[in-house]
Each structure stands twice: as C-alpha cells, then as structure tokens.
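Novice: Dropping in upload27.cif, which is mmCIF, C-alpha atoms:
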data_structure
#
loop_
_atom_site.group_PDB
_atom_site.id
_atom_site.type_symbol
_atom_site.label_atom_id
_atom_site.label_comp_id
_atom_site.auth_asym_id
_atom_site.auth_seq_id
_atom_site.Cartn_x
_atom_site.Cartn_y
_atom_site.Cartn_z
ATOM 1 C CA MET A 204 -65.544 76.554 84.199
ATOM 2 C CA ALA A 205 -64.735 77.205 80.585
ATOM 3 C CA LYS A 206 -63.605 74.630 78.092
ATOM 4 C CA THR A 207 -61.241 75.443 75.300
ATOM 5 C CA SER A 208 -60.249 73.013 72.655
ATOM 6 C CA SER A 209 -56.850 72.535 71.123
ATOM 7 C CA SER A 210 -55.835 70.387 68.214
ATOM 8 C CA SER A 211 -54.423 67.530 70.318
ATOM 9 C CA ALA A 212 -56.684 67.341 73.376
ATOM 10 C CA ASP A 213 -59.300 69.209 75.364
ATOM 11 C CA VAL A 214 -57.852 71.468 78.053
ATOM 12 C CA ILE A 215 -59.948 72.627 80.969
ATOM 13 C CA ASP A 216 -59.154 76.055 82.456
ATOM 14 C CA THR A 217 -59.890 76.389 86.107
ATOM 15 C CA ALA A 218 -59.934 79.641 88.033
ATOM 16 C CA PRO A 219 -58.798 79.586 91.629
ATOM 17 C CA GLU A 220 -61.716 79.126 93.982
ATOM 18 C CA THR A 221 -60.464 81.605 96.574
ATOM 19 C CA ALA A 222 -58.337 84.673 95.955
ATOM 20 C CA PRO A 223 -55.704 85.549 98.557
ATOM 21 C CA SER A 224 -56.872 88.339 100.831
ATOM 22 C CA GLY A 225 -54.668 91.168 102.089
ATOM 23 C CA LYS A 226 -51.514 92.621 100.643
ATOM 24 C CA GLY A 227 -49.160 89.935 101.815
ATOM 25 C CA HIS A 228 -47.243 91.972 104.394
ATOM 26 C CA ALA A 229 -47.865 93.932 107.546
ATOM 27 C CA THR A 230 -48.522 97.658 107.465
ATOM 28 C CA PRO A 231 -45.346 99.479 108.497
ATOM 29 C CA THR A 232 -45.485 101.475 111.680
ATOM 30 C CA ARG A 233 -45.056 105.227 111.677
ATOM 31 C CA LYS A 234 -41.597 104.855 113.219
ATOM 32 C CA GLU A 235 -40.504 102.491 110.429
ATOM 33 C CA ARG A 236 -41.821 104.846 107.691
ATOM 34 C CA GLU A 237 -40.113 107.884 109.218
ATOM 35 C CA ALA A 238 -36.842 105.962 109.502
ATOM 36 C CA ALA A 239 -37.112 104.919 105.830
ATOM 37 C CA ASN A 240 -37.735 108.533 104.733
ATOM 38 C CA LYS A 241 -34.850 110.025 106.680
ATOM 39 C CA LYS A 242 -32.048 111.424 104.598
ATOM 40 C CA PRO A 243 -28.922 113.021 105.988
ATOM 41 C CA LEU A 244 -28.680 116.817 105.647
ATOM 42 C CA VAL A 245 -25.077 116.515 104.590
ATOM 43 C CA PRO A 246 -24.107 113.613 102.324
ATOM 44 C CA SER A 247 -21.366 111.301 103.504
ATOM 45 C CA ASP A 248 -19.331 111.860 100.291
ATOM 46 C CA ARG A 249 -19.620 115.564 99.492
ATOM 47 C CA LYS A 250 -17.447 115.445 96.380
ATOM 48 C CA GLU A 251 -19.516 112.663 94.855
ATOM 49 C CA ALA A 252 -22.735 114.512 95.747
ATOM 50 C CA ALA A 253 -21.388 117.694 94.097
ATOM 51 C CA ARG A 254 -20.422 115.725 90.976
ATOM 52 C CA SER A 255 -23.823 114.116 90.705
ATOM 53 C CA ALA A 256 -25.582 117.470 91.259
ATOM 54 C CA LYS A 257 -23.404 119.064 88.563
ATOM 55 C CA THR A 258 -24.188 116.235 86.146
ATOM 56 C CA GLN A 259 -27.913 116.562 86.847
ATOM 57 C CA ASN A 260 -27.795 120.338 86.322
ATOM 58 C CA GLN A 261 -25.930 119.918 83.033
ATOM 59 C CA ALA A 262 -28.508 117.392 81.828
ATOM 60 C CA GLN A 263 -31.369 119.721 82.787
ATOM 61 C CA ARG A 264 -29.726 122.702 81.052
ATOM 62 C CA GLU A 265 -29.096 120.640 77.929
ATOM 63 C CA ARG A 266 -32.718 119.471 77.889
ATOM 64 C CA ALA A 267 -33.891 123.073 78.294
ATOM 65 C CA ARG A 268 -31.580 124.226 75.465
ATOM 66 C CA VAL A 269 -32.868 121.518 73.120
ATOM 67 C CA GLY A 270 -36.466 122.234 74.130
ATOM 68 C CA MET A 271 -35.966 125.966 73.561
ATOM 69 C CA ALA A 272 -34.473 125.385 70.121
ATOM 70 C CA ALA A 273 -37.331 123.032 69.241
ATOM 71 C CA GLY A 274 -39.918 125.592 70.343
ATOM 72 C CA GLU A 275 -41.444 123.552 73.182
ATOM 73 C CA GLU A 276 -43.709 125.917 75.127
ATOM 74 C CA LYS A 277 -42.420 124.632 78.483
ATOM 75 C CA TYR A 278 -38.837 125.715 77.765
ATOM 76 C CA LEU A 279 -39.473 129.020 75.975
ATOM 77 C CA LEU A 280 -38.501 132.318 77.520
ATOM 78 C CA ALA A 281 -41.343 134.580 78.632
ATOM 79 C CA ARG A 282 -40.851 136.787 75.544
ATOM 80 C CA ASP A 283 -41.540 133.796 73.235
ATOM 81 C CA LYS A 284 -44.547 132.212 74.963
ATOM 82 C CA GLY A 285 -48.073 132.367 73.651
ATOM 83 C CA VAL A 286 -50.076 131.397 70.599
ATOM 84 C CA GLN A 287 -49.883 134.847 69.024
ATOM 85 C CA ARG A 288 -46.106 134.924 69.314
ATOM 86 C CA ARG A 289 -45.930 131.440 67.806
ATOM 87 C CA PHE A 290 -48.034 132.740 64.908
ATOM 88 C CA VAL A 291 -45.665 135.714 64.462
ATOM 89 C CA ARG A 292 -42.615 133.415 64.560
ATOM 90 C CA ASP A 293 -44.097 131.053 61.999
ATOM 91 C CA TYR A 294 -45.155 133.912 59.731
ATOM 92 C CA ILE A 295 -41.709 135.569 59.872
ATOM 93 C CA ASP A 296 -39.935 132.256 59.276
ATOM 94 C CA ALA A 297 -42.156 131.444 56.292
ATOM 95 C CA ARG A 298 -41.336 134.615 54.349
ATOM 96 C CA TRP A 299 -38.244 136.109 52.802
ATOM 97 C CA SER A 300 -37.285 139.360 54.488
ATOM 98 C CA VAL A 301 -34.937 142.122 53.388
ATOM 99 C CA GLY A 302 -33.895 142.602 56.999
ATOM 100 C CA GLU A 303 -32.440 139.132 57.425
ATOM 101 C CA VAL A 304 -29.570 139.946 55.067
ATOM 102 C CA ILE A 305 -28.839 143.336 56.629
ATOM 103 C CA ILE A 306 -25.958 142.041 58.761
ATOM 104 C CA PRO A 307 -24.031 140.476 55.842
ATOM 105 C CA VAL A 308 -24.624 143.618 53.727
ATOM 106 C CA MET A 309 -23.323 145.853 56.520
ATOM 107 C CA PHE A 310 -20.295 143.627 56.975
ATOM 108 C CA GLY A 311 -19.568 143.815 53.237
ATOM 109 C CA VAL A 312 -19.948 147.606 53.221
ATOM 110 C CA ILE A 313 -17.572 147.932 56.181
ATOM 111 C CA LEU A 314 -14.974 145.842 54.341
ATOM 112 C CA LEU A 315 -15.393 147.853 51.138
ATOM 113 C CA MET A 316 -15.062 151.092 53.115
ATOM 114 C CA LEU A 317 -11.393 150.200 53.528
ATOM 115 C CA VAL A 318 -10.892 151.199 49.891
ATOM 116 C CA PRO A 319 -9.176 154.600 50.089
ATOM 117 C CA ASN A 320 -11.333 156.183 47.344
ATOM 118 C CA THR A 321 -13.749 158.718 48.907
ATOM 119 C CA SER A 322 -16.258 158.590 46.039
ATOM 120 C CA ILE A 323 -16.600 154.798 46.461
ATOM 121 C CA GLN A 324 -17.036 155.274 50.216
ATOM 122 C CA THR A 325 -19.746 157.888 49.608
ATOM 123 C CA TYR A 326 -21.661 155.608 47.226
ATOM 124 C CA LEU A 327 -21.338 152.705 49.659
ATOM 125 C CA MET A 328 -22.810 154.787 52.471
ATOM 126 C CA LEU A 329 -25.701 155.838 50.221
ATOM 127 C CA VAL A 330 -26.306 152.185 49.285
ATOM 128 C CA LEU A 331 -26.229 151.207 52.960
ATOM 129 C CA TYR A 332 -28.718 153.942 53.925
ATOM 130 C CA ALA A 333 -31.000 152.939 51.054
ATOM 131 C CA PHE A 334 -30.812 149.287 52.130
ATOM 132 C CA VAL A 335 -31.667 150.170 55.739
ATOM 133 C CA LEU A 336 -34.594 152.288 54.516
ATOM 134 C CA VAL A 337 -35.911 149.421 52.348
ATOM 135 C CA ALA A 338 -35.552 147.010 55.279
ATOM 136 C CA GLY A 339 -37.443 149.426 57.529
ATOM 137 C CA ILE A 340 -40.288 149.755 55.028
ATOM 138 C CA ASP A 341 -40.413 145.970 54.623
ATOM 139 C CA ILE A 342 -40.642 145.493 58.386
ATOM 140 C CA PHE A 343 -43.335 148.183 58.719
ATOM 141 C CA LEU A 344 -45.491 146.575 56.001
ATOM 142 C CA MET A 345 -44.899 143.114 57.470
ATOM 143 C CA GLY A 346 -46.004 144.372 60.908
ATOM 144 C CA ASN A 347 -49.237 145.785 59.469
ATOM 145 C CA HIS A 348 -49.947 142.523 57.650
ATOM 146 C CA ILE A 349 -49.301 140.410 60.739
ATOM 147 C CA ASN A 350 -51.506 142.644 62.904
ATOM 148 C CA LYS A 351 -54.386 142.301 60.415
ATOM 149 C CA LYS A 352 -54.029 138.524 60.337
ATOM 150 C CA LEU A 353 -53.851 138.295 64.159
ATOM 151 C CA MET A 354 -56.925 140.521 64.588
ATOM 152 C CA ALA A 355 -58.842 138.351 62.115
ATOM 153 C CA LYS A 356 -57.780 135.131 63.822
ATOM 154 C CA TYR A 357 -57.763 136.031 67.552
ATOM 155 C CA GLY A 358 -59.802 139.231 67.796
ATOM 156 C CA SER A 359 -57.188 141.015 69.925
ATOM 157 C CA LEU A 360 -53.459 141.674 69.963
ATOM 158 C CA ASP A 361 -50.896 141.018 72.662
ATOM 159 C CA ARG A 362 -48.515 143.867 73.404
ATOM 160 C CA GLY A 363 -45.195 144.086 71.577
ATOM 161 C CA LEU A 364 -45.948 141.728 68.700
ATOM 162 C CA ARG A 365 -44.829 144.198 66.021
ATOM 163 C CA TRP A 366 -41.482 144.722 67.769
ATOM 164 C CA TYR A 367 -41.123 140.982 68.364
ATOM 165 C CA GLY A 368 -41.670 140.306 64.661
ATOM 166 C CA ALA A 369 -39.288 143.081 63.620
ATOM 167 C CA MET A 370 -36.466 141.757 65.794
ATOM 168 C CA ARG A 371 -36.969 138.248 64.454
ATOM 169 C CA ALA A 372 -37.087 139.471 60.856
ATOM 170 C CA LEU A 373 -33.756 141.286 61.286
ATOM 171 C CA GLN A 374 -31.930 138.125 62.387
ATOM 172 C CA LEU A 375 -30.270 135.659 60.069
ATOM 173 C CA ARG A 376 -32.530 132.619 59.759
ATOM 174 C CA PRO A 377 -29.986 130.108 61.212
ATOM 175 C CA MET A 378 -29.365 132.389 64.223
ATOM 176 C CA ARG A 379 -33.008 132.643 65.337
ATOM 177 C CA LEU A 380 -34.116 131.141 68.635
ATOM 178 C CA PRO A 381 -36.393 129.257 68.899
ATOM 179 C CA LYS A 382 -35.335 127.664 65.633
ATOM 180 C CA PRO A 383 -37.734 128.076 62.698
ATOM 181 C CA GLN A 384 -40.446 125.393 62.806
ATOM 182 C CA VAL A 385 -41.780 126.038 59.301
ATOM 183 C CA LYS A 386 -40.246 126.048 55.850
ATOM 184 C CA ARG A 387 -40.200 129.037 53.529
ATOM 185 C CA GLY A 388 -43.616 129.604 52.013
ATOM 186 C CA GLN A 389 -45.386 127.508 54.697
ATOM 187 C CA PHE A 390 -47.446 130.354 56.191
ATOM 188 C CA PRO A 391 -49.608 129.739 59.284
ATOM 189 C CA SER A 392 -53.355 129.630 58.741
#
For the structure just supplied, provide its representation as structure tokens.

Specialist:
Amino acid sequence: MAKTSSSSADVIDTAPETAPSGKGHATPTRKEREAANKKPLVPSDRKEAARSAKTQNQAQRERARVGMAAGEEKYLLARDKGVQRRFVRDYIDARWSVGEVIIPVMFGVILLMLVPNTSIQTYLMLVLYAFVLVAGIDIFLMGNHINKKLMAKYGSLDRGLRWYGAMRALQLRPMRLPKPQVKRGQFPS
C-alpha cells in the first residue's frame, strides 16, 4: 500500500486484491462468427450502394490527385517514381530554363505571323528557329550536368532520365505534375 499526502488530509490508495479473470463474455461459436461475417452478395438497396460506391471512388481519386500533385511516392505514376527522378525533378524546378517559355514564345510568333508582311514573317520564323535551337542547347547542357551529378551521388543512372528532365524543362512551371516541391535556386544536394 502506498501513502500519498494532500494538503487537507492523508489519502490511502489501495489496489484491488484480486483482478477479474477472463474476458467477461463467452467465446462465440463458429456458427455465430460465420453468421456475423455474412454479407449479402447483392445489397438490398442497389441505388444507395451505387451512390456510396461512387462517393468512395470520387474520394479516392481526389486523394490520389492531391497526393500526385504533392509528390507523394505512393500516388506517383510509374514514370515519376524513384529517388533519381525526384532528384531530376527538383533540379529542373530549381533552375530557370529557356525551354519553359517556349510555348508562350511560339504562341506569340503564331499571332504575329498573321501580319501580312512577308519580311516580318520571315524574321519571325528565323527568331523562332533560333529560340528552339537555344532551348535545345540548354536542355542538352542541362542533361549532361544532371547526369554528372547523379553519377557522383548514386554511382549509376536509371534509364530515360535525360528525356524525363527534358520533357519537364519544356513545360511551364505551373503546368508540371507533380507540382514543383522546391523554390527557384533551391538545388538538391
């Protein structure tokens, strides 16, 4: 027995002398357990069952969409899984790329091509070709740099990393999936 003191009086704590034995109820028979586990093959209210299944599927799809955007490994597509691909994503998202503005530049050139002057159209096409060439060179150099960093860090390269990085670098930053997890200039180590 343990004594504890309080400011007004001494209180004595007593533990029960005997603990109750058993679980307090009888073990169910096999017949009772099987009856409790039985579920009908066809629900009694099919419309309600379809509604609840649809609601569950929508919730699961929404969770997968949010998880994919957040970059959770469990929800990523097979093309995005792996530590090396995460490194490539983070490296691409941390740097400015010429390729990520290629779509707006092309859109602007297409609009300016509506000008009926052929000399302006010729210059615009030359500017567009030069821009595509610069973007290609940027992507090639970026791919070499990423491969060197991956070899130094992991010792081997997964297949398709250069192409994966190039496709990500050519997308507008807000349109990338999974969403960028790093800020500009926050390169992976």

Novice: List the neighbours of stretch 366-368 of chain A out to 9 Å using only C-alpha atoms; skip same-chain residues closer than 6 positions along the sequence, and give me the result as number ranges by chain.

Specialist: A: 282-283, 288, 291-292, 294-295, 342, 345-346, 349

Novice: Which residues, named as in the file, does the PyMOL selection byres ((chain A and resi 383) around 10) pick out? Answer as JSON, numbers by chain.

Specialist: {"A": [272, 273, 274, 292, 293, 294, 295, 296, 297, 376, 377, 378, 379, 380, 381, 382, 384, 385, 386, 387]}

Novice: Counting all atoms listed in the file, which residue out of A:Ala267, A:Val286, A:Leu327, A:Ala252 sits closest to A:Leu314?

Specialist: A:Leu327

Novice: Would you work out the distance separating atom CA of A:Asn320 from atom CA of A:Ala333, expressed in Å to one decimal?

Specialist: 20.3 Å

Novice: May I have the residues within 10 Å of A:Lys356 as JSON, numbers by chain, using all atoms listed in the file and disregarding those fewer than 5 positions away in the same chain?

Specialist: {"A": [287, 350, 351, 392]}

Novice: Mind completing stretch 244-255 of chain A with all heavy atoms? Output as a PDB file, in the frame of the given file, please?

Specialist:
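File produced: result-v5.pdb:
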ATOM      1  N   LEU A 244     -28.751 115.458 106.167  1.00  0.00           N
ATOM      2  CA  LEU A 244     -28.680 116.817 105.647  1.00  0.00           C
ATOM      3  C   LEU A 244     -27.411 117.022 104.839  1.00  0.00           C
ATOM      4  O   LEU A 244     -27.410 117.736 103.840  1.00  0.00           O
ATOM      5  CB  LEU A 244     -28.747 117.824 106.797  1.00  0.00           C
ATOM      6  CG  LEU A 244     -30.081 117.914 107.534  1.00  0.00           C
ATOM      7  CD1 LEU A 244     -29.976 118.876 108.697  1.00  0.00           C
ATOM      8  CD2 LEU A 244     -31.176 118.338 106.581  1.00  0.00           C
ATOM      9  N   VAL A 245     -26.350 116.410 105.282  1.00  0.00           N
ATOM     10  CA  VAL A 245     -25.077 116.515 104.590  1.00  0.00           C
ATOM     11  C   VAL A 245     -24.707 115.126 104.108  1.00  0.00           C
ATOM     12  O   VAL A 245     -24.667 114.183 104.897  1.00  0.00           O
ATOM     13  CB  VAL A 245     -23.984 117.067 105.533  1.00  0.00           C
ATOM     14  CG1 VAL A 245     -22.653 117.154 104.818  1.00  0.00           C
ATOM     15  CG2 VAL A 245     -24.389 118.411 106.076  1.00  0.00           C
ATOM     16  N   PRO A 246     -24.455 114.957 102.811  1.00  0.00           N
ATOM     17  CA  PRO A 246     -24.107 113.613 102.324  1.00  0.00           C
ATOM     18  C   PRO A 246     -22.771 113.153 102.882  1.00  0.00           C
ATOM     19  O   PRO A 246     -21.906 113.960 103.240  1.00  0.00           O
ATOM     20  CB  PRO A 246     -24.042 113.793 100.807  1.00  0.00           C
ATOM     21  CG  PRO A 246     -23.892 115.246 100.569  1.00  0.00           C
ATOM     22  CD  PRO A 246     -24.476 115.950 101.739  1.00  0.00           C
ATOM     23  N   SER A 247     -22.602 111.846 102.944  1.00  0.00           N
ATOM     24  CA  SER A 247     -21.366 111.301 103.504  1.00  0.00           C
ATOM     25  C   SER A 247     -20.175 111.592 102.579  1.00  0.00           C
ATOM     26  O   SER A 247     -19.081 111.855 103.049  1.00  0.00           O
ATOM     27  CB  SER A 247     -21.512 109.801 103.731  1.00  0.00           C
ATOM     28  OG  SER A 247     -21.830 109.152 102.519  1.00  0.00           O
ATOM     29  N   ASP A 248     -20.400 111.554 101.248  1.00  0.00           N
ATOM     30  CA  ASP A 248     -19.331 111.860 100.291  1.00  0.00           C
ATOM     31  C   ASP A 248     -19.711 113.138  99.549  1.00  0.00           C
ATOM     32  O   ASP A 248     -20.433 113.111  98.557  1.00  0.00           O
ATOM     33  CB  ASP A 248     -19.143 110.694  99.317  1.00  0.00           C
ATOM     34  CG  ASP A 248     -17.943 110.887  98.408  1.00  0.00           C
ATOM     35  OD1 ASP A 248     -17.202 111.876  98.603  1.00  0.00           O
ATOM     36  OD2 ASP A 248     -17.773 110.058  97.501  1.00  0.00           O
ATOM     37  N   ARG A 249     -19.220 114.268 100.040  1.00  0.00           N
ATOM     38  CA  ARG A 249     -19.620 115.564  99.492  1.00  0.00           C
ATOM     39  C   ARG A 249     -19.149 115.757  98.056  1.00  0.00           C
ATOM     40  O   ARG A 249     -19.855 116.345  97.240  1.00  0.00           O
ATOM     41  CB  ARG A 249     -19.092 116.684 100.367  1.00  0.00           C
ATOM     42  CG  ARG A 249     -19.728 116.676 101.750  1.00  0.00           C
ATOM     43  CD  ARG A 249     -19.162 117.769 102.578  1.00  0.00           C
ATOM     44  NE  ARG A 249     -19.818 119.008 102.199  1.00  0.00           N
ATOM     45  CZ  ARG A 249     -20.191 119.943 103.047  1.00  0.00           C
ATOM     46  NH1 ARG A 249     -19.955 119.782 104.318  1.00  0.00           N
ATOM     47  NH2 ARG A 249     -20.768 121.033 102.636  1.00  0.00           N
ATOM     48  N   LYS A 250     -17.961 115.270  97.746  1.00  0.00           N
ATOM     49  CA  LYS A 250     -17.447 115.445  96.380  1.00  0.00           C
ATOM     50  C   LYS A 250     -18.296 114.681  95.378  1.00  0.00           C
ATOM     51  O   LYS A 250     -18.618 115.181  94.301  1.00  0.00           O
ATOM     52  CB  LYS A 250     -15.989 114.982  96.308  1.00  0.00           C
ATOM     53  CG  LYS A 250     -15.037 115.930  96.986  1.00  0.00           C
ATOM     54  CD  LYS A 250     -13.599 115.489  96.802  1.00  0.00           C
ATOM     55  CE  LYS A 250     -12.666 116.458  97.496  1.00  0.00           C
ATOM     56  NZ  LYS A 250     -11.261 116.107  97.340  1.00  0.00           N
ATOM     57  N   GLU A 251     -18.664 113.470  95.741  1.00  0.00           N
ATOM     58  CA  GLU A 251     -19.516 112.663  94.855  1.00  0.00           C
ATOM     59  C   GLU A 251     -20.892 113.309  94.710  1.00  0.00           C
ATOM     60  O   GLU A 251     -21.470 113.331  93.624  1.00  0.00           O
ATOM     61  CB  GLU A 251     -19.644 111.233  95.385  1.00  0.00           C
ATOM     62  CG  GLU A 251     -20.504 110.327  94.535  1.00  0.00           C
ATOM     63  CD  GLU A 251     -20.009 110.209  93.095  1.00  0.00           C
ATOM     64  OE1 GLU A 251     -18.785 110.183  92.870  1.00  0.00           O
ATOM     65  OE2 GLU A 251     -20.867 110.149  92.186  1.00  0.00           O
ATOM     66  N   ALA A 252     -21.432 113.841  95.800  1.00  0.00           N
ATOM     67  CA  ALA A 252     -22.735 114.512  95.747  1.00  0.00           C
ATOM     68  C   ALA A 252     -22.657 115.749  94.856  1.00  0.00           C
ATOM     69  O   ALA A 252     -23.573 116.016  94.066  1.00  0.00           O
ATOM     70  CB  ALA A 252     -23.191 114.894  97.147  1.00  0.00           C
ATOM     71  N   ALA A 253     -21.561 116.508  94.941  1.00  0.00           N
ATOM     72  CA  ALA A 253     -21.388 117.694  94.097  1.00  0.00           C
ATOM     73  C   ALA A 253     -21.276 117.295  92.630  1.00  0.00           C
ATOM     74  O   ALA A 253     -21.842 117.950  91.750  1.00  0.00           O
ATOM     75  CB  ALA A 253     -20.156 118.473  94.541  1.00  0.00           C
ATOM     76  N   ARG A 254     -20.550 116.204  92.360  1.00  0.00           N
ATOM     77  CA  ARG A 254     -20.422 115.725  90.976  1.00  0.00           C
ATOM     78  C   ARG A 254     -21.761 115.302  90.410  1.00  0.00           C
ATOM     79  O   ARG A 254     -22.109 115.631  89.273  1.00  0.00           O
ATOM     80  CB  ARG A 254     -19.436 114.558  90.915  1.00  0.00           C
ATOM     81  CG  ARG A 254     -18.038 114.994  90.587  1.00  0.00           C
ATOM     82  CD  ARG A 254     -17.131 113.786  90.345  1.00  0.00           C
ATOM     83  NE  ARG A 254     -16.119 113.836  91.413  1.00  0.00           N
ATOM     84  CZ  ARG A 254     -15.947 112.943  92.370  1.00  0.00           C
ATOM     85  NH1 ARG A 254     -16.674 111.854  92.394  1.00  0.00           N
ATOM     86  NH2 ARG A 254     -15.042 113.111  93.298  1.00  0.00           N
ATOM     87  N   SER A 255     -22.522 114.575  91.207  1.00  0.00           N
ATOM     88  CA  SER A 255     -23.823 114.116  90.705  1.00  0.00           C
ATOM     89  C   SER A 255     -24.778 115.293  90.519  1.00  0.00           C
ATOM     90  O   SER A 255     -25.542 115.327  89.551  1.00  0.00           O
ATOM     91  CB  SER A 255     -24.429 113.075  91.642  1.00  0.00           C
ATOM     92  OG  SER A 255     -24.790 113.655  92.871  1.00  0.00           O
TER      93      SER A 255
END
